[in-house]
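The structure file upload.cif is reproduced below (mmCIF, C-alpha atoms).
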```cif
data_my_file
#
loop_
_atom_site.label_atom_id
_atom_site.label_comp_id
_atom_site.auth_asym_id
_atom_site.auth_seq_id
_atom_site.Cartn_x
_atom_site.Cartn_y
_atom_site.Cartn_z
CA MET A 1 14.17 -0.04 12.08
CA THR A 2 12.44 2.53 9.87
CA LEU A 3 14.83 4.54 7.74
CA PRO A 4 14.75 8.36 7.85
CA LEU A 5 12.03 9.77 5.64
CA THR A 6 12.48 12.25 2.86
CA ASN A 7 10.37 15.38 2.69
CA GLU A 8 8.42 13.84 -0.18
CA GLU A 9 7.68 10.68 1.81
CA LEU A 10 6.69 12.68 4.88
CA GLN A 11 4.27 14.78 2.83
CA HIS A 12 2.74 11.60 1.43
CA ILE A 13 2.26 10.26 4.98
CA ARG A 14 0.76 13.53 6.21
CA THR A 15 -1.73 13.64 3.36
CA PHE A 16 -2.87 10.11 4.18
CA CYS A 17 -3.08 10.90 7.92
CA HIS A 18 -5.10 14.07 7.34
CA GLN A 19 -7.64 12.20 5.22
CA TRP A 20 -7.83 9.26 7.64
CA LEU A 21 -8.29 11.44 10.73
CA ARG A 22 -11.04 13.43 8.99
CA GLU A 23 -12.90 10.32 7.86
CA THR A 24 -12.67 8.44 11.18
CA GLY A 25 -14.27 10.70 13.73
CA ALA A 26 -14.29 8.30 16.69
CA SER A 27 -12.07 9.14 19.67
CA HIS A 28 -11.03 5.54 20.41
CA SER A 29 -7.79 3.99 19.14
CA SER A 30 -7.47 2.17 15.83
CA ARG A 31 -4.79 0.96 13.44
CA THR A 32 -4.23 1.26 9.71
CA THR A 33 -1.38 0.80 7.24
CA ILE A 34 -0.15 3.17 4.54
CA PRO A 35 0.84 0.90 1.65
CA ALA A 36 4.14 1.32 -0.15
CA GLY A 37 3.92 3.03 -3.50
CA GLY A 38 4.33 6.40 -5.11
CA ALA A 39 6.57 8.53 -2.92
CA LEU A 40 6.61 5.96 -0.11
CA SER A 41 9.29 3.26 -0.40
CA HIS A 42 7.93 1.02 2.38
CA PRO A 43 4.62 0.57 4.20
CA ILE A 44 3.97 2.52 7.40
CA GLU A 45 1.79 1.07 10.14
CA LEU A 46 -0.12 3.77 12.00
CA GLU A 47 -1.88 3.82 15.32
CA ILE A 48 -4.63 6.42 15.62
CA SER A 49 -5.09 7.46 19.24
CA GLY A 50 -7.65 9.78 20.78
CA LEU A 51 -7.34 11.95 23.88
CA LEU A 52 -10.09 14.11 25.37
CA THR A 53 -8.53 16.76 27.63
CA PHE A 54 -10.19 18.07 30.75
CA ASP A 55 -11.42 21.21 28.97
CA ASN A 56 -13.30 19.19 26.32
CA VAL A 57 -10.71 19.39 23.54
CA LEU A 58 -10.29 16.25 21.45
CA ILE A 59 -6.75 15.45 20.25
CA ARG A 60 -6.41 12.68 17.68
CA SER A 61 -2.88 11.65 16.76
CA ALA A 62 -1.41 9.60 13.92
CA ILE A 63 1.53 7.70 15.44
CA ASP A 64 4.03 5.34 13.82
CA ALA A 65 3.26 1.98 15.45
CA ILE A 66 6.93 0.92 15.19
CA THR A 67 8.90 4.01 16.17
CA GLY A 68 6.30 5.89 18.23
CA THR A 69 6.74 8.96 16.02
CA CYS A 70 3.74 11.29 15.95
CA TYR A 71 3.29 12.57 12.39
CA THR A 72 0.34 14.88 12.95
CA LYS A 73 -2.42 15.77 15.41
CA LEU A 74 -5.98 16.88 14.76
CA ILE A 75 -6.99 19.21 17.59
CA GLY A 76 -10.41 20.74 18.15
CA ARG A 77 -13.35 20.84 20.49
CA GLN A 78 -15.86 18.04 20.08
CA GLY A 79 -18.27 18.71 17.22
CA GLU A 80 -15.89 21.17 15.53
CA PRO A 81 -13.63 20.41 12.53
CA GLY A 82 -10.44 21.39 14.37
CA GLY A 83 -7.02 21.91 12.81
CA PHE A 84 -3.90 19.87 12.13
CA VAL A 85 -0.55 20.30 13.88
CA ASP A 86 2.17 18.54 11.86
CA THR A 87 5.47 17.41 13.35
CA PRO A 88 8.37 18.93 11.37
CA LEU A 89 10.79 16.54 9.69
CA ASP A 90 13.75 17.76 11.77
CA LYS A 91 11.80 17.02 14.95
CA ILE A 92 11.13 13.45 13.84
CA TYR A 93 14.63 12.25 13.00
CA SER A 94 17.02 14.95 14.22
CA ASP A 95 18.01 16.31 17.58
CA PRO A 96 15.98 19.40 18.43
CA THR A 97 17.77 22.69 17.80
CA PRO A 98 17.23 25.82 19.88
CA VAL A 99 14.55 28.10 18.53
CA ASP A 100 13.37 31.49 19.60
CA PRO A 101 10.38 31.12 21.92
CA GLU A 102 7.03 32.29 20.63
CA PRO A 103 5.64 35.42 22.29
CA PRO A 104 3.17 34.49 25.06
CA ALA A 105 -0.50 34.64 24.23
CA ALA A 106 -2.76 37.12 25.96
CA MET A 107 -3.71 35.83 29.42
CA ARG A 108 -7.24 35.12 30.56
CA ALA A 109 -8.41 36.63 33.84
CA THR A 110 -7.92 33.37 35.74
CA GLN A 111 -4.39 33.01 34.36
CA GLN A 112 -3.53 36.57 35.34
CA ARG A 113 -4.76 35.96 38.89
CA TYR A 114 -2.71 32.77 39.13
CA GLN A 115 0.47 34.49 37.95
CA THR A 116 -0.08 37.32 40.42
CA ALA A 117 -0.58 34.82 43.24
CA MET A 118 2.64 33.02 42.33
CA LYS A 119 4.60 36.30 42.36
CA LEU A 120 3.16 37.22 45.76
CA LEU A 121 4.06 33.78 47.09
CA ALA A 122 7.66 34.18 45.96
CA GLU A 123 7.86 37.63 47.56
CA THR A 124 6.24 36.74 50.88
CA GLN A 125 7.69 33.23 51.31
CA PRO A 126 11.27 33.33 49.94
CA GLY A 127 12.12 30.14 51.85
CA HIS A 128 10.15 28.16 49.28
CA ALA A 129 12.74 28.96 46.64
CA ASP A 130 14.75 25.93 47.78
CA GLU A 131 11.68 23.72 47.40
CA GLY A 132 11.39 24.20 43.66
CA VAL A 133 8.97 27.12 43.19
CA PRO A 134 9.11 27.80 39.45
CA SER A 135 10.51 31.16 38.40
CA THR A 136 8.14 31.42 35.46
CA VAL A 137 4.52 30.48 34.93
CA ASP A 138 3.12 28.92 31.78
CA THR A 139 0.31 31.30 30.90
CA ASN A 140 -1.01 28.83 28.34
CA ALA A 141 -1.43 26.01 30.90
CA TRP A 142 -4.54 24.02 29.98
CA TRP A 143 -5.15 22.90 33.54
CA ILE A 144 -6.26 26.43 34.55
CA GLU A 145 -10.02 26.04 34.25
CA PRO A 146 -12.56 28.80 33.70
CA GLU A 147 -14.26 30.47 36.61
CA ASN A 148 -17.06 28.71 38.49
CA SER A 149 -15.44 25.29 38.05
CA GLU A 150 -16.88 22.69 40.41
CA SER A 151 -13.37 21.60 41.46
CA VAL A 152 -11.88 25.08 41.83
CA GLN A 153 -11.83 24.82 45.64
CA GLN A 154 -10.11 21.44 45.72
CA PRO A 155 -6.30 21.27 45.76
CA ARG A 156 -4.71 19.98 42.58
CA TYR A 157 -1.46 18.14 42.17
CA LEU A 158 0.36 18.75 38.90
CA LEU A 159 2.31 15.98 37.16
CA TYR A 160 5.47 16.97 35.27
CA THR A 161 8.19 15.39 33.21
CA ASN A 162 11.12 17.80 33.46
CA GLN A 163 9.28 21.15 33.14
CA GLN A 164 6.51 19.86 30.85
CA LEU A 165 3.05 19.67 32.40
CA LEU A 166 1.28 16.39 31.66
CA GLY A 167 -1.91 17.08 33.63
CA TYR A 168 -3.28 17.11 37.14
CA SER A 169 -5.08 15.01 39.73
CA LEU A 170 -6.98 15.86 42.89
CA LEU A 171 -5.48 12.76 44.55
CA GLU A 172 -8.80 12.41 46.30
CA ARG A 173 -8.09 8.95 47.72
CA VAL A 174 -5.80 8.89 50.75
CA ARG A 175 -4.48 5.66 52.25
CA SER A 176 -2.11 4.75 55.04
CA GLY A 177 1.62 4.82 54.45
CA GLY A 178 1.56 8.18 52.68
CA GLN A 179 -0.26 6.81 49.64
CA MET A 180 -2.58 9.07 47.60
CA SER A 181 -4.36 8.42 44.31
CA GLY A 182 -6.99 9.92 42.04
CA ARG A 183 -8.22 10.28 38.50
CA PHE A 184 -5.70 11.91 36.18
CA HIS A 185 -6.80 14.74 33.90
CA ALA A 186 -4.48 15.00 30.90
CA SER A 187 -3.08 18.14 29.32
CA GLU A 188 -2.43 18.65 25.60
CA ASP A 189 1.23 17.65 25.98
CA TYR A 190 0.30 14.29 27.50
CA VAL A 191 -0.60 12.97 24.06
CA ASP A 192 3.14 12.69 23.24
CA TYR A 193 3.57 10.15 26.05
CA ALA A 194 0.16 8.47 26.16
CA HIS A 195 1.30 5.44 24.15
CA ILE A 196 3.89 4.58 26.82
CA PHE A 197 1.50 4.71 29.77
CA ALA A 198 -1.24 2.92 27.83
CA ALA A 199 1.05 0.03 26.89
CA LEU A 200 2.67 -0.41 30.30
CA PRO A 201 -0.26 -2.02 32.25
CA GLU A 202 -0.76 -4.74 29.63
CA ALA A 203 2.97 -5.41 29.38
CA GLU A 204 3.20 -5.65 33.18
CA ASN A 205 0.32 -8.15 33.33
CA GLU A 206 1.82 -10.28 30.56
CA CYS A 207 5.19 -10.31 32.29
CA PHE A 208 3.75 -11.30 35.69
CA GLU A 209 1.52 -13.97 34.16
CA ALA A 210 4.52 -15.46 32.33
CA ASN A 211 6.47 -15.58 35.60
CA ALA A 212 3.53 -17.22 37.38
CA ARG A 213 3.15 -19.87 34.65
CA GLU A 214 6.85 -20.70 34.77
CA ALA A 215 6.62 -21.16 38.55
CA TYR A 216 4.31 -24.08 37.72
CA GLU A 217 6.66 -25.21 34.93
CA ILE A 218 4.30 -24.00 32.22
CA TYR A 219 6.45 -22.37 29.56
CA ASP A 220 5.45 -19.95 26.82
CA GLU A 221 7.72 -19.19 23.86
CA LYS A 222 6.76 -15.52 24.18
CA SER A 223 7.71 -15.20 27.87
CA ASP A 224 11.07 -13.58 27.12
CA GLU A 225 9.37 -11.22 24.68
CA TYR A 226 6.88 -10.17 27.40
CA ARG A 227 9.65 -9.53 29.91
CA THR A 228 11.73 -7.56 27.41
CA ARG A 229 8.76 -5.38 26.47
CA PHE A 230 7.95 -4.67 30.11
CA THR A 231 11.58 -3.82 30.86
CA GLU A 232 11.77 -1.44 27.89
CA LEU A 233 8.58 0.40 28.86
CA THR A 234 9.65 0.64 32.49
CA ALA A 235 12.95 2.18 31.37
CA GLN A 236 11.11 4.71 29.17
CA VAL A 237 8.95 5.79 32.12
CA ALA A 238 12.03 6.09 34.34
CA GLU A 239 13.67 8.37 31.76
CA LEU A 240 10.71 10.76 32.04
CA LYS A 241 11.63 11.47 35.70
CA LEU A 242 8.06 12.15 36.73
CA PHE A 243 7.43 14.44 39.68
CA VAL A 244 4.50 16.23 41.30
CA ARG A 245 4.02 19.82 42.46
CA ASP A 246 1.21 21.30 44.49
CA GLU A 247 -0.58 24.43 43.31
CA ALA A 248 1.85 26.64 45.20
CA GLY A 249 4.66 25.24 43.06
CA ARG A 250 6.24 23.14 45.82
CA ARG A 251 7.64 19.83 44.68
CA LEU A 252 6.40 16.83 46.65
CA VAL A 253 9.00 14.55 48.19
CA THR A 254 7.93 11.11 46.96
CA SER A 255 9.19 7.56 46.87
CA GLU A 256 6.93 6.61 43.94
CA VAL A 257 4.98 8.43 41.22
CA ARG A 258 3.01 6.12 38.96
CA LEU A 259 0.57 6.91 36.16
CA GLU A 260 -1.75 4.16 34.96
CA ASP A 261 -3.58 4.74 31.68
CA LEU A 262 -6.42 2.24 31.14
CA SER A 263 -8.43 4.47 28.80
CA LYS A 264 -7.63 2.32 25.76
CA HIS A 265 -8.44 -0.92 27.58
CA TYR A 266 -11.84 0.30 28.78
CA ASN A 267 -12.46 2.71 25.87
CA ASP A 268 -13.08 5.38 28.52
CA GLN A 269 -11.10 8.62 28.63
CA SER A 270 -11.66 8.95 32.40
CA GLU A 271 -9.77 5.72 33.16
CA ARG A 272 -6.42 7.35 33.89
CA TRP A 273 -5.10 7.20 37.47
CA LEU A 274 -2.21 8.89 39.26
CA TYR A 275 -0.64 7.17 42.30
CA VAL A 276 1.72 9.02 44.62
CA THR A 277 3.56 7.71 47.69
CA HIS A 278 5.14 10.27 50.01
CA ALA A 279 8.70 9.53 51.08
CA GLU A 280 9.19 8.85 54.77
CA ASN A 281 11.03 11.56 56.69
#
```
Show this structure as structure tokens.
Amino acid sequence: MTLPLTNEELQHIRTFCHQWLRETGASHSSRTTIPAGGALSHPIELEISGLLTFDNVLIRSAIDAITGTCYTKLIGRQGEPGGFVDTPLDKIYSDPTPVDPEPPAAMRATQQRYQTAMKLLAETQPGHADEGVPSTVDTNAWWIEPENSESVQQPRYLLYTNQQLLGYSLLERVRSGGQMSGRFHASEDYVDYAHIFAALPEAENECFEANAREAYEIYDEKSDEYRTRFTELTAQVAELKLFVRDEAGRRLVTSEVRLEDLSKHYNDQSERWLYVTHAEN
């Protein structure tokens, strides 16, 4: 287990990450190692991940390959230099402490219209209050697209963990048994969880293949490792308590919400899929 870092060590890591992210402009994932030396007492293995959000903003993150800690993010539209957002030391190794919220940014016209619509909905349909209509609206929500969007007329389903928006899907594919699925369009906050959803499909396949081999009495020394990894990732997803709301703020009653991120496997940012199964009445 990696020991807590000092401020000096963290600054050394950040400097390395800033230089590496600037020099490697590709959006696909890669790995590198910061060697021990100078302020750093032990080597740090980094995974560099890229995420292109649905409004054409590229987020590249430097993540500790062992602990999953995100040290810094380089955020900017494609073709622009962008800027770094560093994770504070107390957010990396300490429990978060309450802070005064930042004043909301000025709303765009589309955001203002959405907030007005939500207020009218709450006033005209008070019965929806028991169904989870949010009392506040995030005016900085990245899923609110500019006017004249091609998908503006299609209903969107918003994926949350607690009250944090991870992105949306149109759930354009409808099957029997209350099953719906569609491409998932990530928000900026999704980058903090992308490594979990990207690792889960591979871990699931390795686990199932190990079980299938053992059914034919073909044993692999790594089988237990595969099953442990799959169990750990499944538990991490369960802790996120994923749920889906429609655009009116109503929470869907579901028996399963599953996000499958294959973007790393196919090196294609569009290969993220949301699967939702409605609970039977």
Do you know which residues are at most 8 Å from range 30-37 of chain A counting all atoms listed in the file, after dropping those on the same chain fewer than 4 positions away, and could you put them as a PDB file with C-alpha atoms, in the frame of the given file?
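Output contents, as saved in selection_30.pdb:
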```pdb
ATOM      1  CA  ILE A  13       2.260  10.260   4.980  1.00  0.00           C
ATOM      2  CA  PHE A  16      -2.870  10.110   4.180  1.00  0.00           C
ATOM      3  CA  SER A  41       9.290   3.260  -0.400  1.00  0.00           C
ATOM      4  CA  HIS A  42       7.930   1.020   2.380  1.00  0.00           C
ATOM      5  CA  PRO A  43       4.620   0.570   4.200  1.00  0.00           C
ATOM      6  CA  ILE A  44       3.970   2.520   7.400  1.00  0.00           C
ATOM      7  CA  GLU A  45       1.790   1.070  10.140  1.00  0.00           C
ATOM      8  CA  LEU A  46      -0.120   3.770  12.000  1.00  0.00           C
ATOM      9  CA  GLU A  47      -1.880   3.820  15.320  1.00  0.00           C
ATOM     10  CA  ILE A  48      -4.630   6.420  15.620  1.00  0.00           C
ATOM     11  CA  SER A  49      -5.090   7.460  19.240  1.00  0.00           C
TER      12      SER A  49
END
```
Got a sec: who's within 7 Å of range 72-76 of chain A, counting only C-alpha atoms, leaving out chain neighbours fewer than 2 positions off, as a ChimeraX atom specification? /A:14,57-62,70,78,80-87
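Minimum atom-to-atom distance to Ala198 in chain A, evaluated using all atoms listed in the file, belongs to A:Ser263 out of A:Thr161, A:Ser270, A:Ser263, A:Thr234.
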Name the closest residue to Gly182 in chain A among the candidates A:Glu280, A:Leu166, A:Leu52, A:Trp273; distances are taken between atoms, counting all atoms listed in the file. A:Trp273
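The two atoms in question, CA of Leu159 in chain A and CA of Val244 in chain A, are spaced 4.7 Å apart.
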Contact residues around range 199-203 of chain A with only C-alpha atoms at 7 Å, ignoring same-chain residues under 5 positions, as an mmCIF file with C-alpha atoms, keeping the file's coordinate frame:
```cif
data_model
loop_
_atom_site.group_PDB
_atom_site.id
_atom_site.type_symbol
_atom_site.label_atom_id
_atom_site.label_comp_id
_atom_site.auth_asym_id
_atom_site.auth_seq_id
_atom_site.Cartn_x
_atom_site.Cartn_y
_atom_site.Cartn_z
ATOM 1 C CA TYR A 226 6.880 -10.170 27.400
ATOM 2 C CA ARG A 229 8.760 -5.380 26.470
ATOM 3 C CA PHE A 230 7.950 -4.670 30.110
ATOM 4 C CA LEU A 233 8.580 0.400 28.860
ATOM 5 C CA GLU A 260 -1.750 4.160 34.960
#
```
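Going from CA of Gly38 in chain A over to CA of His12 in chain A, you cover 8.5 Å.
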Distance of CA of Ser176 in chain A from CA of Arg251 in chain A, expressed in Å to one decimal place: 20.7 Å
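Run against this file, the PyMOL selection byres ((chain A and resi 242) around 6) gives back Tyr160, Thr161, Leu240, Lys241 and Phe243 of chain A.
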Residues within 12 Å of Asp261 in chain A, please, as a compact mmCIF listing (two decimals) with C-alpha atoms, in the coordinates of the input. Count only C-alpha atoms; anything in the same chain fewer than 4 positions from it doesn't count.
```
# COMPACT_ATOMS: atom_id res chain seq x y z
CA LEU A 51 -7.34 11.95 23.88
CA ARG A 183 -8.22 10.28 38.50
CA PHE A 184 -5.70 11.91 36.18
CA HIS A 185 -6.80 14.74 33.90
CA ALA A 186 -4.48 15.00 30.90
CA TYR A 190 0.30 14.29 27.50
CA VAL A 191 -0.60 12.97 24.06
CA TYR A 193 3.57 10.15 26.05
CA ALA A 194 0.16 8.47 26.16
CA HIS A 195 1.30 5.44 24.15
CA ILE A 196 3.89 4.58 26.82
CA PHE A 197 1.50 4.71 29.77
CA ALA A 198 -1.24 2.92 27.83
CA ALA A 199 1.05 0.03 26.89
CA LEU A 200 2.67 -0.41 30.30
CA PRO A 201 -0.26 -2.02 32.25
CA GLU A 202 -0.76 -4.74 29.63
CA HIS A 265 -8.44 -0.92 27.58
CA TYR A 266 -11.84 0.30 28.78
CA ASN A 267 -12.46 2.71 25.87
CA ASP A 268 -13.08 5.38 28.52
CA GLN A 269 -11.10 8.62 28.63
CA SER A 270 -11.66 8.95 32.40
CA GLU A 271 -9.77 5.72 33.16
CA ARG A 272 -6.42 7.35 33.89
CA TRP A 273 -5.10 7.20 37.47
CA LEU A 274 -2.21 8.89 39.26
CA TYR A 275 -0.64 7.17 42.30
```
